[in-house]
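Trainee: What follows is a single structure, and I will ask about it in a moment.
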There are 2 protein chains.
Amino acid sequence: MKLRALGEDKLLARLLPMLHRRGGVVAGAGDDCAVVAAPKLGALQLLKTDCIVEGIHFTSASSPGSVGWKALARPLSDFAAMSGMPQFALVTLIVPAARTVDWIRKIYRGLEKAAREFDVAIVGGETSSIKGPAVISVSVTGFVEKGRWVGRGGGKANDELFVTGQLGGSLRGRHLKFRPRIEESRWLTKNFRVHAMMDLSDGLGADLPRLARASGVGFEVDQMALPLNRGCTAEQAISDGEDYELLFAISPKDSGSLPARWRKKFPKVPLTRIGRLNPQSAIRNPKLPPGYVHFKQR
Amino acid sequence: MKLRALGEDKLLARLLPMLHRRGGVVAGAGDDCAVVAAPKLGALQLLKTDCIVEGIHFTSASSPGSVGWKALARPLSDFAAMSGMPQFALVTLIVPAARTVDWIRKIYRGLEKAAREFDVAIVGGETSSIKGPAVISVSVTGFVEKGRWVGRGGGKANDELFVTGQLGGSLRGRHLKFRPRIEESRWLTKNFRVHAMMDLSDGLGADLPRLARASGVGFEVDQMALPLNRGCTAEQAISDGEDYELLFAISPKDSGSLPARWRKKFPKVPLTRIGRLNPQSAIRNPKLPPGYVHFKQR
């Protein structure tokens with residue numbers, strides 16, 4: 001059945017009963033706003049919005065379940081970057097009226113899978129038609145304890161730089177299936193003083209300079225140390241983007257015990273020291289292509 | 001200058017300094033998530049997301065300043081519907097790379113005008129390119145005091161139905177310039193017990209049945225009483241949509257003093273009793289066309 005034959009109310013009536021429930025929801029989808037409990041005392045709110053666009057972040061051949069997973073996993077990765085806990089999500093589906101209801105339902109199934117996995121309640125959303133590519137926009141709110149949130153700006157000269165997982169080649173499929181590093185990030189800030197952190201969405205070559213600039217320091221990266229996905233070159237690890245791994249800076253005083261404790265806690269997720277922050281920028285190979293920059297052509 | 005020649009970082013660096021500031025922002029645009037203060041004790045959080053799509057909610061000929069205003073004013077109208085106070089907004093701009101930076105800057109100026117007017121801080125956002133029409137997606141968070149929020153589901157048989165302002169003909173221009181009824185809504189819930197409320201976005205003919213259904217009651221509307229915008233018929237007032245006026249239900253015991261007090265407080269905003277809720281649905285003219293239903297053709 002095509003969307004235009006169904007109407008928004010009926011579409012939502014079919015999708016909403018599938019949604020994961022969690023505490024704190026006073027009024028979910030179906031009213032003008034969602035009404036949810038405020039974060040508990042001593043916590044700050046985190047807000048994030050993100051979107052994926054057909055023809056840019058996925059193709060019409062991508063499995064709709066994976067597309068839905070990615071649409072929610074991307075903002076959750078930003079929660080990992082701040083060491084926050086996501087709680088509630090709002091979903092806006094902007095799709096051509098000729099798209100089938102079945103496609104939408106599969107998108108929602110993917111969204112719901114990610115929501116369930118990370119205990120996020122989808123508490124509202126919108127639908128709209130478009131004469132063009134589909135867009136899925138997702139906003140997430142949650143909390144982080146005061147004193148525990150990690151921004152990009154706290155890095156100091158001599159801090160060691162680590163990345164989780166492996167980099168490069170994400171467009172071969174991992175960009176639709178990655179797992180936000182929320183558990184890893186929460187463990188890090190529970191056990192270590194992380195100075196600065198972000199998730200790698202545009203590629204190390206674009207993202208690391210942002211972290212360094214926000215911290216007012218330079219950096220050097222040992223290209224030979226970069227953890228590469230199978231079949232990837234260092235250039236790809238720097239430029240491909242969509243890794244959704246954590247990049248963080250930690251004092252060398254604290255970093256000694258980190259690798260061994262990490263291996264014990266997360267035996268399947270590599271953690272690699274890739275370089276350090278320093279007073280002056282000194283990227284070793286200045287001819288490396290930059291990471292993917294939106295709107296900029298290579 | 002075209003967007004593709006500038007890049008996202010530089011675009012944001014140009015736009016962010018214009019943004020209205022307000023209390024409660026710990027970390028705004030520029031980090032992975034926005035970090036904001038939690039609502040004060042005794043308050044609930046309100047979350048809303050909405051989008052406007054070129055070719056659907058505005059045209060390429062629409063003034064970009066008005067488009068920006070509308071993009072934020074729409075979710076703020078949902079805050080009015082719940083009698084909530086908006087605080088923070090996230091903005092996602094999805095635009096073709098060939099669009100000019102000047103166009104984006106004007107969109108942001110319109111967003112910012114609405115943000116300043118209603119004391120909302122734009123604390124983050126995303127940009128993405130698209131091979132198709134522009135989309136502006138806006139999420140807003142805020143609060144409402146416990147016991148003061150008004151949903152759609154509290155209406156009771158015999159409640160009187162009121163609408164603010166005048167209805168119909170919005171597409172002639174008002175849909176880009178309307179003022180969310182937040183002040184009016186806050187005054188109403190401070191002074192009266194409002195049973196159910198919503199904002200009229202899809203037209204009275206589509207929205208009133210939603211309120212009635214959520215409340216488990218029927219309704220009757222006196223077509224002759226409908227407050228019409230200049231040159232509009234009752235049919236247009238019922239079907240055009242995008243009025244962004246408040247529709248609310250209030251006990252006849254409480255409604256007696258309402259019109260006089262309203263006129264004194266809001267002399268320029270009409271308030272009209274248009275009908276009532278009742279145990280059974282009894283719309284007087286069953287042949288009326290329904291309000292605009294997304295995805296559904298007339």
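To be explicit about the labels: the chains of the structure tokens are called A, B, and onward in the order shown, and within each one the residues are counted from 1, while ligands get numbers from 1 in the order they are shown.
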Set the cut-off to 8 Å and count only C-alpha atoms: what are the residues of chain B that reach chain A? Output as a PyMOL selection string.
Mentor: chain B and resi 3-8+31-39+43-51+53-56+78-79+81-82+90-92+97+124-133+137+139+151-152+198-199+293-297
Trainee: Would you mind listing what lies within 12 Å of Cys232 in chain A as a list in words, with only C-alpha atoms counted and same-chain residues fewer than 2 positions away left out?
Mentor: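 Near Cys232 in chain A, the qualifying residues are Gln166, Leu167, Gly168, Gly169, Ser170, Leu171, Arg172, Leu226, Pro227, Leu228, Asn229, Arg230, Ala234, Glu235, Gln236, Ala237, Ile238, Ser239 and Asp240 of chain A.
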Trainee: So which one's closest to Asp243 in chain B, B:Val120, B:Leu12, B:Val163, B:Ala157? Using only C-alpha atoms, please.
Mentor: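 The answer is B:Val163, which sits nearest to Asp243 in chain B.
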Trainee: Could you pull out all residues of range 176-281 of chain B with a DSSP call of alpha helix (DSSP H) and give them as a PDB file with N, CA and C atoms, in the first residue's frame?
Mentor:
ATOM      1  N   ILE B 182       1.535  31.301  22.803  1.00  0.00           N
ATOM      2  CA  ILE B 182       2.087  30.862  24.093  1.00  0.00           C
ATOM      3  C   ILE B 182       1.606  31.746  25.239  1.00  0.00           C
ATOM      4  N   GLU B 183       1.665  33.044  25.035  1.00  0.00           N
ATOM      5  CA  GLU B 183       1.254  33.951  26.116  1.00  0.00           C
ATOM      6  C   GLU B 183      -0.221  33.705  26.459  1.00  0.00           C
ATOM      7  N   GLU B 184      -1.049  33.564  25.417  1.00  0.00           N
ATOM      8  CA  GLU B 184      -2.474  33.353  25.626  1.00  0.00           C
ATOM      9  C   GLU B 184      -2.727  32.034  26.369  1.00  0.00           C
ATOM     10  N   SER B 185      -1.992  30.995  25.967  1.00  0.00           N
ATOM     11  CA  SER B 185      -2.167  29.684  26.576  1.00  0.00           C
ATOM     12  C   SER B 185      -1.748  29.688  28.043  1.00  0.00           C
ATOM     13  N   ARG B 186      -0.633  30.357  28.323  1.00  0.00           N
ATOM     14  CA  ARG B 186      -0.159  30.409  29.715  1.00  0.00           C
ATOM     15  C   ARG B 186      -1.162  31.166  30.589  1.00  0.00           C
ATOM     16  N   TRP B 187      -1.724  32.238  30.031  1.00  0.00           N
ATOM     17  CA  TRP B 187      -2.732  33.007  30.774  1.00  0.00           C
ATOM     18  C   TRP B 187      -3.966  32.145  31.037  1.00  0.00           C
ATOM     19  N   LEU B 188      -4.376  31.397  30.024  1.00  0.00           N
ATOM     20  CA  LEU B 188      -5.559  30.536  30.183  1.00  0.00           C
ATOM     21  C   LEU B 188      -5.382  29.547  31.322  1.00  0.00           C
ATOM     22  N   THR B 189      -4.249  28.825  31.338  1.00  0.00           N
ATOM     23  CA  THR B 189      -4.082  27.789  32.369  1.00  0.00           C
ATOM     24  C   THR B 189      -3.754  28.384  33.728  1.00  0.00           C
ATOM     25  N   LYS B 190      -3.332  29.639  33.753  1.00  0.00           N
ATOM     26  CA  LYS B 190      -3.109  30.283  35.043  1.00  0.00           C
ATOM     27  C   LYS B 190      -4.451  30.666  35.671  1.00  0.00           C
ATOM     28  N   ASN B 191      -5.426  30.994  34.841  1.00  0.00           N
ATOM     29  CA  ASN B 191      -6.682  31.560  35.334  1.00  0.00           C
ATOM     30  C   ASN B 191      -7.903  30.651  35.213  1.00  0.00           C
ATOM     31  N   LEU B 204      -9.528  22.824  11.419  1.00  0.00           N
ATOM     32  CA  LEU B 204     -10.510  22.429  12.432  1.00  0.00           C
ATOM     33  C   LEU B 204     -11.172  21.096  12.086  1.00  0.00           C
ATOM     34  N   GLY B 205     -11.438  20.887  10.784  1.00  0.00           N
ATOM     35  CA  GLY B 205     -12.139  19.683  10.349  1.00  0.00           C
ATOM     36  C   GLY B 205     -11.347  18.404  10.585  1.00  0.00           C
ATOM     37  N   ALA B 206     -10.028  18.510  10.639  1.00  0.00           N
ATOM     38  CA  ALA B 206      -9.193  17.341  10.929  1.00  0.00           C
ATOM     39  C   ALA B 206      -8.794  17.306  12.396  1.00  0.00           C
ATOM     40  N   ASP B 207      -8.574  18.477  12.994  1.00  0.00           N
ATOM     41  CA  ASP B 207      -8.013  18.529  14.347  1.00  0.00           C
ATOM     42  C   ASP B 207      -9.067  18.320  15.434  1.00  0.00           C
ATOM     43  N   LEU B 208     -10.241  18.938  15.273  1.00  0.00           N
ATOM     44  CA  LEU B 208     -11.270  18.771  16.304  1.00  0.00           C
ATOM     45  C   LEU B 208     -11.658  17.296  16.500  1.00  0.00           C
ATOM     46  N   PRO B 209     -11.830  16.523  15.414  1.00  0.00           N
ATOM     47  CA  PRO B 209     -12.119  15.093  15.635  1.00  0.00           C
ATOM     48  C   PRO B 209     -11.009  14.381  16.408  1.00  0.00           C
ATOM     49  N   ARG B 210      -9.745  14.836  16.259  1.00  0.00           N
ATOM     50  CA  ARG B 210      -8.652  14.222  17.033  1.00  0.00           C
ATOM     51  C   ARG B 210      -8.816  14.509  18.516  1.00  0.00           C
ATOM     52  N   LEU B 211      -9.134  15.760  18.830  1.00  0.00           N
ATOM     53  CA  LEU B 211      -9.325  16.122  20.240  1.00  0.00           C
ATOM     54  C   LEU B 211     -10.509  15.336  20.819  1.00  0.00           C
ATOM     55  N   ALA B 212     -11.592  15.270  20.051  1.00  0.00           N
ATOM     56  CA  ALA B 212     -12.775  14.561  20.538  1.00  0.00           C
ATOM     57  C   ALA B 212     -12.476  13.075  20.732  1.00  0.00           C
ATOM     58  N   ARG B 213     -11.773  12.478  19.748  1.00  0.00           N
ATOM     59  CA  ARG B 213     -11.439  11.056  19.839  1.00  0.00           C
ATOM     60  C   ARG B 213     -10.551  10.783  21.050  1.00  0.00           C
ATOM     61  N   ALA B 214      -9.534  11.642  21.248  1.00  0.00           N
ATOM     62  CA  ALA B 214      -8.628  11.463  22.390  1.00  0.00           C
ATOM     63  C   ALA B 214      -9.393  11.593  23.706  1.00  0.00           C
ATOM     64  N   SER B 215     -10.441  12.409  23.716  1.00  0.00           N
ATOM     65  CA  SER B 215     -11.229  12.624  24.941  1.00  0.00           C
ATOM     66  C   SER B 215     -12.370  11.623  25.072  1.00  0.00           C
ATOM     67  N   ALA B 234     -16.835  29.412   5.562  1.00  0.00           N
ATOM     68  CA  ALA B 234     -16.773  28.456   6.660  1.00  0.00           C
ATOM     69  C   ALA B 234     -16.038  27.188   6.218  1.00  0.00           C
ATOM     70  N   GLU B 235     -16.235  26.796   4.987  1.00  0.00           N
ATOM     71  CA  GLU B 235     -15.526  25.608   4.489  1.00  0.00           C
ATOM     72  C   GLU B 235     -14.016  25.789   4.559  1.00  0.00           C
ATOM     73  N   GLN B 236     -13.560  26.968   4.185  1.00  0.00           N
ATOM     74  CA  GLN B 236     -12.122  27.227   4.259  1.00  0.00           C
ATOM     75  C   GLN B 236     -11.634  27.225   5.696  1.00  0.00           C
ATOM     76  N   ALA B 237     -12.431  27.794   6.590  1.00  0.00           N
ATOM     77  CA  ALA B 237     -12.047  27.822   8.007  1.00  0.00           C
ATOM     78  C   ALA B 237     -11.920  26.404   8.551  1.00  0.00           C
ATOM     79  N   ILE B 238     -12.698  25.505   7.999  1.00  0.00           N
ATOM     80  CA  ILE B 238     -12.674  24.119   8.473  1.00  0.00           C
ATOM     81  C   ILE B 238     -11.544  23.319   7.818  1.00  0.00           C
ATOM     82  N   SER B 239     -11.239  23.642   6.574  1.00  0.00           N
ATOM     83  CA  SER B 239     -10.365  22.757   5.791  1.00  0.00           C
ATOM     84  C   SER B 239      -8.972  23.279   5.470  1.00  0.00           C
ATOM     85  N   PRO B 252     -18.666  24.541  31.101  1.00  0.00           N
ATOM     86  CA  PRO B 252     -19.556  25.715  31.021  1.00  0.00           C
ATOM     87  C   PRO B 252     -19.620  26.474  32.351  1.00  0.00           C
ATOM     88  N   LYS B 253     -19.311  25.787  33.460  1.00  0.00           N
ATOM     89  CA  LYS B 253     -19.265  26.475  34.760  1.00  0.00           C
ATOM     90  C   LYS B 253     -18.173  27.551  34.776  1.00  0.00           C
ATOM     91  N   ASP B 254     -17.059  27.226  34.106  1.00  0.00           N
ATOM     92  CA  ASP B 254     -15.906  28.134  34.133  1.00  0.00           C
ATOM     93  C   ASP B 254     -15.919  29.149  33.004  1.00  0.00           C
ATOM     94  N   SER B 255     -16.680  28.837  31.946  1.00  0.00           N
ATOM     95  CA  SER B 255     -16.511  29.624  30.737  1.00  0.00           C
ATOM     96  C   SER B 255     -17.266  30.953  30.770  1.00  0.00           C
ATOM     97  N   LEU B 258     -15.014  33.917  31.066  1.00  0.00           N
ATOM     98  CA  LEU B 258     -13.852  33.896  30.168  1.00  0.00           C
ATOM     99  C   LEU B 258     -13.874  34.990  29.095  1.00  0.00           C
ATOM    100  N   PRO B 259     -14.957  35.126  28.306  1.00  0.00           N
ATOM    101  CA  PRO B 259     -14.887  36.088  27.195  1.00  0.00           C
ATOM    102  C   PRO B 259     -14.540  37.519  27.639  1.00  0.00           C
ATOM    103  N   ALA B 260     -15.164  37.974  28.729  1.00  0.00           N
ATOM    104  CA  ALA B 260     -14.917  39.354  29.163  1.00  0.00           C
ATOM    105  C   ALA B 260     -13.477  39.533  29.649  1.00  0.00           C
ATOM    106  N   ARG B 261     -13.017  38.572  30.441  1.00  0.00           N
ATOM    107  CA  ARG B 261     -11.635  38.685  30.943  1.00  0.00           C
ATOM    108  C   ARG B 261     -10.642  38.597  29.800  1.00  0.00           C
ATOM    109  N   TRP B 262     -10.928  37.717  28.816  1.00  0.00           N
ATOM    110  CA  TRP B 262     -10.044  37.582  27.652  1.00  0.00           C
ATOM    111  C   TRP B 262      -9.952  38.908  26.888  1.00  0.00           C
ATOM    112  N   ARG B 263     -11.126  39.516  26.640  1.00  0.00           N
ATOM    113  CA  ARG B 263     -11.134  40.765  25.856  1.00  0.00           C
ATOM    114  C   ARG B 263     -10.288  41.837  26.531  1.00  0.00           C
ATOM    115  N   LYS B 264     -10.327  41.840  27.853  1.00  0.00           N
ATOM    116  CA  LYS B 264      -9.563  42.847  28.590  1.00  0.00           C
ATOM    117  C   LYS B 264      -8.062  42.557  28.474  1.00  0.00           C
ATOM    118  N   LYS B 265      -7.704  41.271  28.548  1.00  0.00           N
ATOM    119  CA  LYS B 265      -6.280  40.890  28.535  1.00  0.00           C
ATOM    120  C   LYS B 265      -5.719  40.918  27.118  1.00  0.00           C
TER     121      LYS B 265
END
Trainee: For Tyr108 in chain B, find every residue with an atom within 9 Å (counting only C-alpha atoms), except residues of its own chain fewer than 3 positions away, and show them as a ChimeraX atom specification.
Mentor: /B:15,18-19,64-65,68-69,103-105,111-113
Trainee: Create the file for the chosen residues now, containing C-alpha atoms and written as a PDB file, in the first residue's frame.
Mentor:
ATOM      1  CA  LEU B  15      25.835  31.671  11.851  1.00  0.00           C
ATOM      2  CA  MET B  18      24.122  35.669  15.801  1.00  0.00           C
ATOM      3  CA  LEU B  19      22.243  33.369  18.139  1.00  0.00           C
ATOM      4  CA  PRO B  64      13.712  32.926   3.561  1.00  0.00           C
ATOM      5  CA  GLY B  65      13.306  35.074   6.676  1.00  0.00           C
ATOM      6  CA  GLY B  68      12.982  30.492   9.184  1.00  0.00           C
ATOM      7  CA  TRP B  69      10.341  32.113  11.389  1.00  0.00           C
ATOM      8  CA  TRP B 103      19.839  32.255   1.622  1.00  0.00           C
ATOM      9  CA  ILE B 104      20.922  30.176   4.627  1.00  0.00           C
ATOM     10  CA  ARG B 105      21.867  33.292   6.544  1.00  0.00           C
ATOM     11  CA  LEU B 111      14.799  31.427  13.089  1.00  0.00           C
ATOM     12  CA  GLU B 112      16.670  33.816  15.338  1.00  0.00           C
ATOM     13  CA  LYS B 113      13.889  36.427  15.259  1.00  0.00           C
TER      14      LYS B 113
END
Trainee: Rounded to one decimal place, report the CA of Asp119 in chain B-CA of Ile250 in chain B distance in Å.
Mentor: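 If I compute the distance from CA of Asp119 in chain B to CA of Ile250 in chain B, I get 28.8 Å.
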Trainee: Contacts of Ser63 in chain B at 9 Å or less, counting only C-alpha atoms, minus same-chain residues fewer than 4 places along, as a compact mmCIF listing (two decimals) with N, CA, C and O atoms, in the first residue's frame?
Mentor:
# COMPACT_ATOMS: atom_id res chain seq x y z
N THR B 59 7.52 27.60 -0.54
CA THR B 59 7.96 27.45 -1.93
C THR B 59 9.33 28.11 -2.08
O THR B 59 9.78 28.84 -1.18
N VAL B 67 10.44 31.89 6.15
CA VAL B 67 10.57 30.43 6.23
C VAL B 67 11.24 30.03 7.54
O VAL B 67 10.81 29.10 8.23
N GLY B 68 12.30 30.76 7.91
CA GLY B 68 12.98 30.49 9.18
C GLY B 68 12.06 30.71 10.37
O GLY B 68 12.00 29.90 11.30
N LYS B 106 19.72 34.14 5.75
CA LYS B 106 18.40 34.74 5.94
C LYS B 106 17.44 33.78 6.65
O LYS B 106 16.62 34.19 7.46
N ILE B 107 17.55 32.48 6.33
CA ILE B 107 16.77 31.48 7.06
C ILE B 107 17.09 31.59 8.56
O ILE B 107 16.20 31.64 9.41
N LEU B 176 3.20 31.91 7.10
CA LEU B 176 4.63 32.20 7.25
C LEU B 176 4.89 33.24 8.35
O LEU B 176 6.04 33.57 8.64
Trainee: When DSSP is applied to the backbone of this structure, which of range 39-238 of chain B are assigned strand (DSSP E or B)? Write them out as JSON, numbers by chain.
Mentor: {"B": [43, 44, 45, 46, 47, 48, 49, 50, 51, 52, 53, 54, 58, 85, 86, 87, 88, 89, 90, 91, 92, 93, 94, 100, 121, 122, 123, 124, 125, 126, 127, 128, 135, 136, 137, 138, 139, 140, 141, 142, 143, 144, 145, 160, 161, 162, 163, 164, 167, 194, 195, 196, 197, 198, 199, 218, 219, 220, 221, 228]}
Trainee: For the atom pair CA of Gly241 in chain B and CA of Leu200 in chain B, what is the interatomic distance in Å to one decimal place?
Mentor: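 CA of Leu200 in chain B lies 6.9 Å from CA of Gly241 in chain B.
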Trainee: Could you work out how far CA of Ser251 in chain A lies from CA of Ile274 in chain A, giving the answer in Å with one decimal?
Mentor: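 A separation of 13.9 Å between them.
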